[in-house]
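For reference, coords_24.pdb is printed below; it contains PDB, C-alpha atoms.
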```pdb
MODEL        1
ATOM      1  CA  MET A 519     -24.361   4.594   8.977
ATOM      2  CA  ILE A 520     -20.987   3.350   7.760
ATOM      3  CA  ARG A 521     -18.273   5.510   9.325
ATOM      4  CA  VAL A 522     -15.423   6.122   6.858
ATOM      5  CA  LEU A 523     -11.864   7.402   7.284
ATOM      6  CA  ILE A 524     -10.117   8.605   4.114
ATOM      7  CA  ALA A 525      -6.319   8.805   3.837
ATOM      8  CA  GLU A 526      -5.184  10.358   0.539
ATOM      9  CA  ASP A 527      -2.363  12.878   0.185
ATOM     10  CA  MET A 528      -3.572  14.486  -3.051
ATOM     11  CA  HIS A 529      -5.960  17.219  -1.880
ATOM     12  CA  MET A 530      -8.134  17.321  -4.995
ATOM     13  CA  ILE A 531      -8.634  13.543  -5.020
ATOM     14  CA  ARG A 532      -9.352  13.491  -1.283
ATOM     15  CA  GLY A 533     -11.893  16.286  -1.685
ATOM     16  CA  ALA A 534     -13.558  14.437  -4.553
ATOM     17  CA  LEU A 535     -13.763  11.236  -2.490
ATOM     18  CA  VAL A 536     -15.327  13.075   0.451
ATOM     19  CA  ALA A 537     -17.836  14.772  -1.887
ATOM     20  CA  LEU A 538     -18.647  11.478  -3.583
ATOM     21  CA  LEU A 539     -19.260   9.630  -0.316
ATOM     22  CA  SER A 540     -21.320  12.516   1.127
ATOM     23  CA  LEU A 541     -23.908  11.736  -1.571
ATOM     24  CA  GLU A 542     -24.433   8.268  -0.073
ATOM     25  CA  ASP A 543     -27.278   8.105   2.480
ATOM     26  CA  ASP A 544     -25.632   5.337   4.488
ATOM     27  CA  MET A 545     -22.093   6.774   4.809
ATOM     28  CA  GLU A 546     -20.420   9.423   6.936
ATOM     29  CA  VAL A 547     -16.807  10.548   6.479
ATOM     30  CA  VAL A 548     -15.515  10.890  10.058
ATOM     31  CA  ALA A 549     -11.898  11.756   9.198
ATOM     32  CA  GLU A 550      -9.794  12.799   6.210
ATOM     33  CA  LEU A 551      -6.011  12.651   6.342
ATOM     34  CA  ASP A 552      -3.027  13.295   4.099
ATOM     35  CA  ARG A 553      -0.394  11.236   5.974
ATOM     36  CA  GLY A 554      -0.040   7.529   6.673
ATOM     37  CA  ASP A 555       1.346   8.016  10.179
ATOM     38  CA  GLN A 556      -1.902   9.775  11.185
ATOM     39  CA  ILE A 557      -4.137   6.819  10.291
ATOM     40  CA  VAL A 558      -3.909   4.714  13.459
ATOM     41  CA  PRO A 559      -4.134   7.561  16.026
ATOM     42  CA  THR A 560      -7.048   9.144  14.135
ATOM     43  CA  ALA A 561      -8.841   5.802  13.733
ATOM     44  CA  LEU A 562      -8.476   5.104  17.454
ATOM     45  CA  ALA A 563     -10.046   8.501  18.159
ATOM     46  CA  THR A 564     -12.877   8.370  15.584
ATOM     47  CA  ARG A 565     -13.595   4.597  15.374
ATOM     48  CA  PRO A 566     -14.391   4.276  11.642
ATOM     49  CA  ASP A 567     -15.916   1.095  10.212
ATOM     50  CA  VAL A 568     -13.858   1.348   7.014
ATOM     51  CA  ALA A 569     -10.543   3.083   6.278
ATOM     52  CA  VAL A 570     -10.083   4.031   2.615
ATOM     53  CA  VAL A 571      -6.311   4.290   2.223
ATOM     54  CA  ASP A 572      -3.970   5.267  -0.601
ATOM     55  CA  ILE A 573      -0.752   3.201  -0.808
ATOM     56  CA  ASP A 574       1.724   6.033  -1.413
ATOM     57  CA  LEU A 575       1.366   8.280   1.623
ATOM     58  CA  PRO A 576       4.001  10.425   3.352
ATOM     59  CA  GLY A 577       5.050   9.476   6.871
ATOM     60  CA  LEU A 578       4.045   5.816   6.521
ATOM     61  CA  ASP A 579       2.923   3.940   3.425
ATOM     62  CA  GLY A 580      -0.706   2.846   3.298
ATOM     63  CA  LEU A 581      -0.021  -0.890   3.553
ATOM     64  CA  SER A 582       2.189  -0.504   6.639
ATOM     65  CA  ALA A 583      -0.524   1.688   8.172
ATOM     66  CA  ALA A 584      -3.148  -0.945   7.302
ATOM     67  CA  GLU A 585      -1.087  -3.593   9.069
ATOM     68  CA  GLN A 586      -0.843  -1.444  12.215
ATOM     69  CA  LEU A 587      -4.545  -0.606  12.015
ATOM     70  CA  TYR A 588      -5.461  -4.293  11.880
ATOM     71  CA  ARG A 589      -3.429  -4.934  15.032
ATOM     72  CA  ARG A 590      -4.741  -1.915  16.976
ATOM     73  CA  LEU A 591      -8.351  -1.713  15.700
ATOM     74  CA  PRO A 592      -9.268  -4.984  13.958
ATOM     75  CA  GLU A 593     -12.951  -4.050  13.688
ATOM     76  CA  CYS A 594     -11.994  -1.270  11.249
ATOM     77  CA  ARG A 595     -11.616  -2.832   7.818
ATOM     78  CA  THR A 596      -9.227  -1.363   5.243
ATOM     79  CA  LEU A 597      -9.937  -0.731   1.575
ATOM     80  CA  VAL A 598      -6.907   0.298  -0.476
ATOM     81  CA  LEU A 599      -7.466   2.771  -3.273
ATOM     82  CA  THR A 600      -4.492   2.980  -5.609
ATOM     83  CA  GLY A 601      -3.533   4.554  -8.891
ATOM     84  CA  LEU A 602      -0.936   1.839  -9.387
ATOM     85  CA  SER A 603      -1.998  -1.597 -10.538
ATOM     86  CA  GLN A 604       1.133  -3.232  -9.129
ATOM     87  CA  PRO A 605       0.432  -6.918  -8.494
ATOM     88  CA  GLY A 606       3.044  -7.175  -5.747
ATOM     89  CA  ASN A 607       1.138  -4.557  -3.756
ATOM     90  CA  LEU A 608      -2.006  -6.680  -3.925
ATOM     91  CA  LEU A 609      -0.187  -9.713  -2.523
ATOM     92  CA  ARG A 610       1.311  -7.600   0.255
ATOM     93  CA  ALA A 611      -2.112  -6.062   0.969
ATOM     94  CA  LEU A 612      -3.670  -9.498   1.404
ATOM     95  CA  LYS A 613      -0.923 -10.453   3.866
ATOM     96  CA  VAL A 614      -1.703  -7.423   6.051
ATOM     97  CA  HIS A 615      -5.462  -8.174   6.148
ATOM     98  CA  VAL A 616      -6.649  -5.517   3.683
ATOM     99  CA  ARG A 617     -10.257  -6.385   2.727
ATOM    100  CA  GLY A 618     -10.560  -4.316  -0.447
ATOM    101  CA  PHE A 619      -8.212  -3.276  -3.251
ATOM    102  CA  ILE A 620      -9.588  -0.937  -5.941
ATOM    103  CA  VAL A 621      -7.767   1.061  -8.625
ATOM    104  CA  LYS A 622      -8.546   4.790  -8.790
ATOM    105  CA  ASP A 623      -9.706   4.687 -12.377
ATOM    106  CA  ALA A 624     -12.585   2.306 -11.518
ATOM    107  CA  PRO A 625     -16.128   3.711 -11.963
ATOM    108  CA  ALA A 626     -17.256   5.971  -9.075
ATOM    109  CA  GLU A 627     -19.982   3.586  -7.903
ATOM    110  CA  THR A 628     -17.326   0.894  -7.404
ATOM    111  CA  LEU A 629     -15.985   2.730  -4.350
ATOM    112  CA  ALA A 630     -19.316   3.103  -2.511
ATOM    113  CA  ASP A 631     -20.221  -0.500  -3.313
ATOM    114  CA  GLY A 632     -16.766  -1.624  -2.180
ATOM    115  CA  ILE A 633     -17.073   0.239   1.125
ATOM    116  CA  ARG A 634     -20.475  -1.361   1.797
ATOM    117  CA  ARG A 635     -19.191  -4.835   1.033
ATOM    118  CA  VAL A 636     -15.958  -4.411   3.010
ATOM    119  CA  SER A 637     -17.940  -3.105   6.016
ATOM    120  CA  LYS A 638     -19.899  -6.383   5.968
ATOM    121  CA  GLY A 639     -16.664  -8.377   6.042
ATOM    122  CA  GLU A 640     -16.582  -9.267   2.349
ATOM    123  CA  ARG A 641     -13.412  -9.068   0.281
ATOM    124  CA  VAL A 642     -13.483  -6.698  -2.708
ATOM    125  CA  ILE A 643     -10.632  -6.973  -5.205
ATOM    126  CA  ASP A 644     -10.409  -5.895  -8.824
ATOM    127  CA  PRO A 645     -10.353  -9.188 -10.823
ATOM    128  CA  GLU A 646      -7.794  -7.797 -13.286
ATOM    129  CA  LEU A 647      -5.410  -7.185 -10.390
ATOM    130  CA  VAL A 648      -5.890 -10.732  -9.136
ATOM    131  CA  ALA A 649      -5.011 -12.108 -12.572
ATOM    132  CA  ALA A 650      -1.921  -9.865 -12.797
ATOM    133  CA  ALA A 651      -0.819 -10.832  -9.289
ATOM    134  CA  LEU A 652      -1.097 -14.529 -10.066
ATOM    135  CA  GLU A 653       0.895 -13.991 -13.248
ATOM    136  CA  THR A 654       3.627 -11.932 -11.566
ATOM    137  CA  GLY A 655       3.744 -13.884  -8.325
ATOM    138  CA  SER A 656       5.199 -12.814  -5.022
ATOM    139  CA  THR A 657       8.561 -11.118  -4.731
ATOM    140  CA  PRO A 658      11.643 -13.204  -5.553
ATOM    141  CA  LEU A 659      13.704 -10.931  -3.288
ATOM    142  CA  THR A 660      14.695 -11.755   0.271
ATOM    143  CA  PRO A 661      13.886  -9.101   2.911
ATOM    144  CA  ARG A 662      17.559  -8.048   3.022
ATOM    145  CA  GLU A 663      17.797  -7.771  -0.783
ATOM    146  CA  THR A 664      14.654  -5.627  -0.672
ATOM    147  CA  ASP A 665      16.193  -3.373   2.013
ATOM    148  CA  VAL A 666      19.357  -2.920  -0.050
ATOM    149  CA  LEU A 667      17.419  -2.200  -3.250
ATOM    150  CA  ARG A 668      15.220   0.343  -1.419
ATOM    151  CA  ALA A 669      18.332   2.070  -0.093
ATOM    152  CA  ALA A 670      19.802   2.125  -3.607
ATOM    153  CA  GLU A 671      16.519   3.582  -4.873
ATOM    154  CA  ARG A 672      17.031   6.522  -2.480
ATOM    155  CA  GLY A 673      20.327   7.200  -4.279
ATOM    156  CA  LEU A 674      22.663   5.888  -1.588
ATOM    157  CA  LEU A 675      26.073   4.632  -2.680
ATOM    158  CA  THR A 676      27.332   1.169  -1.713
ATOM    159  CA  ASP A 677      29.326   2.445   1.299
ATOM    160  CA  GLN A 678      26.351   4.505   2.482
ATOM    161  CA  ILE A 679      23.996   1.514   2.175
ATOM    162  CA  ALA A 680      26.493  -0.588   4.121
ATOM    163  CA  ALA A 681      26.630   1.986   6.928
ATOM    164  CA  ALA A 682      22.851   2.464   7.003
ATOM    165  CA  LEU A 683      22.113  -1.283   7.167
ATOM    166  CA  SER A 684      25.126  -2.316   9.291
ATOM    167  CA  LEU A 685      26.572  -4.483   6.519
ATOM    168  CA  SER A 686      29.951  -4.639   4.849
ATOM    169  CA  PRO A 687      30.268  -3.032   1.389
ATOM    170  CA  ALA A 688      31.069  -6.477  -0.062
ATOM    171  CA  THR A 689      27.832  -7.888   1.386
ATOM    172  CA  VAL A 690      25.858  -4.954  -0.045
ATOM    173  CA  ARG A 691      27.386  -5.611  -3.482
ATOM    174  CA  ASN A 692      26.392  -9.294  -3.188
ATOM    175  CA  TYR A 693      22.806  -8.410  -2.241
ATOM    176  CA  LEU A 694      22.577  -5.919  -5.118
ATOM    177  CA  SER A 695      23.992  -8.433  -7.570
ATOM    178  CA  ASN A 696      21.531 -11.102  -6.389
ATOM    179  CA  ALA A 697      18.594  -8.686  -6.581
ATOM    180  CA  ILE A 698      19.538  -7.551 -10.099
ATOM    181  CA  SER A 699      19.817 -11.159 -11.230
ATOM    182  CA  LYS A 700      16.555 -12.295  -9.573
ATOM    183  CA  VAL A 701      14.391  -9.571 -11.110
ATOM    184  CA  GLY A 702      16.103  -9.813 -14.505
ATOM    185  CA  GLY A 703      17.579  -6.321 -14.489
ATOM    186  CA  ARG A 704      20.587  -5.090 -16.482
ATOM    187  CA  ASN A 705      21.871  -2.947 -13.604
ATOM    188  CA  ARG A 706      20.694  -1.572 -10.257
ATOM    189  CA  ILE A 707      18.603   1.208 -11.862
ATOM    190  CA  ASP A 708      16.850  -1.303 -14.108
ATOM    191  CA  ALA A 709      16.329  -3.695 -11.175
ATOM    192  CA  ILE A 710      14.778  -0.908  -9.090
ATOM    193  CA  ARG A 711      12.415  -0.024 -11.954
ATOM    194  CA  ILE A 712      11.365  -3.656 -12.474
ATOM    195  CA  ALA A 713      10.849  -4.276  -8.748
ATOM    196  CA  ARG A 714       8.936  -0.985  -8.322
ATOM    197  CA  ASP A 715       6.666  -1.712 -11.304
ATOM    198  CA  ALA A 716       5.882  -5.170  -9.911
ATOM    199  CA  GLY A 717       5.091  -3.781  -6.463
ATOM    200  CA  TRP A 718       7.993  -5.584  -4.791
ATOM    201  CA  LEU A 719       9.499  -2.397  -3.305
TER     202      LEU A 719
ENDMDL
END
```

Translate the structure of the given file into structure tokens.
Amino acid sequence: MIRVLIAEDMHMIRGALVALLSLEDDMEVVAELDRGDQIVPTALATRPDVAVVDIDLPGLDGLSAAEQLYRRLPECRTLVLTGLSQPGNLLRALKVHVRGFIVKDAPAETLADGIRRVSKGERVIDPELVAAALETGSTPLTPRETDVLRAAERGLLTDQIAAALSLSPATVRNYLSNAISKVGGRNRIDAIRIARDAGWL
């Protein structure tokens, strides 16, 4: 039996995934969660073979949780299930040792097949996402520019970003200006949208 942990914050989708996998003779759902910060403790307690994880989870995003899971329980392989076909997320997922990356609108049998393949150590990635990721490339932003843009996305003003990140307001303005220029945005709102759509935030 393949032991599966499911982390998805939308209750109806999570219920559908559990119901779908319960129809498979060789799979058992050993845990279902709605928060990213519950993934590692629950996985350590239940020892799943595969963790099926959504990217956008409260508490801790799915990719950060996958990175922690790889460090704490490397024998549990992660398959990301996402509604967002953001190429930057795929590149980040590969860096944190995610073995599978499937979009939620894929046919139902794709998930069960993906879980089986990932449990054997294979890599399962939607080919369309690979093509988009190669076309978009990795983020042009430095880690600090990303931090500043994320803070701006939360609605913080320049002085608030400076205080939160221990920077001067002038430095924050420089990072914002660089980020806007690098992603080809017209202003900070546009830059946030572009970076979010590409999966760079």

* To do: Just give me the gap between CA of Leu694 in chain A and CA of Arg706 in chain A in Å, one decimal is fine.
  =>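 A separation of 7.0 Å between them.
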
* Asked: Applied to the shown file, which residues does the PyMOL selection byres ((chain A and resi 536-542) around 12) return, written as a PyMOL selection string?
  -> chain A and resi 519-526+529-535+543-551+570+625-634

* List, as a PyMOL selection string, every residue that the PyMOL selection byres ((chain A and resi 668) around 10) selects in the file provided. => chain A and resi 662-667+669-674+679+710+713-714+718-719

* Asked: Excluding same-chain residues fewer than 3 positions from Arg553 in chain A, what lies within 10 Å of it counting all atoms listed in the file, as an NGL selection string?
  -> :A and (525-527 or 550 or 556-557 or 571-572 or 574-580 or 583)

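Straight-line separation from CA of Gly601 in chain A to CA of Lys622 in chain A: 5.0 Å.
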
* Asked: What is the distance between CA of Pro566 in chain A and CA of Leu581 in chain A, in Å to one decimal?
  ->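 These two atoms are separated by 17.3 Å.
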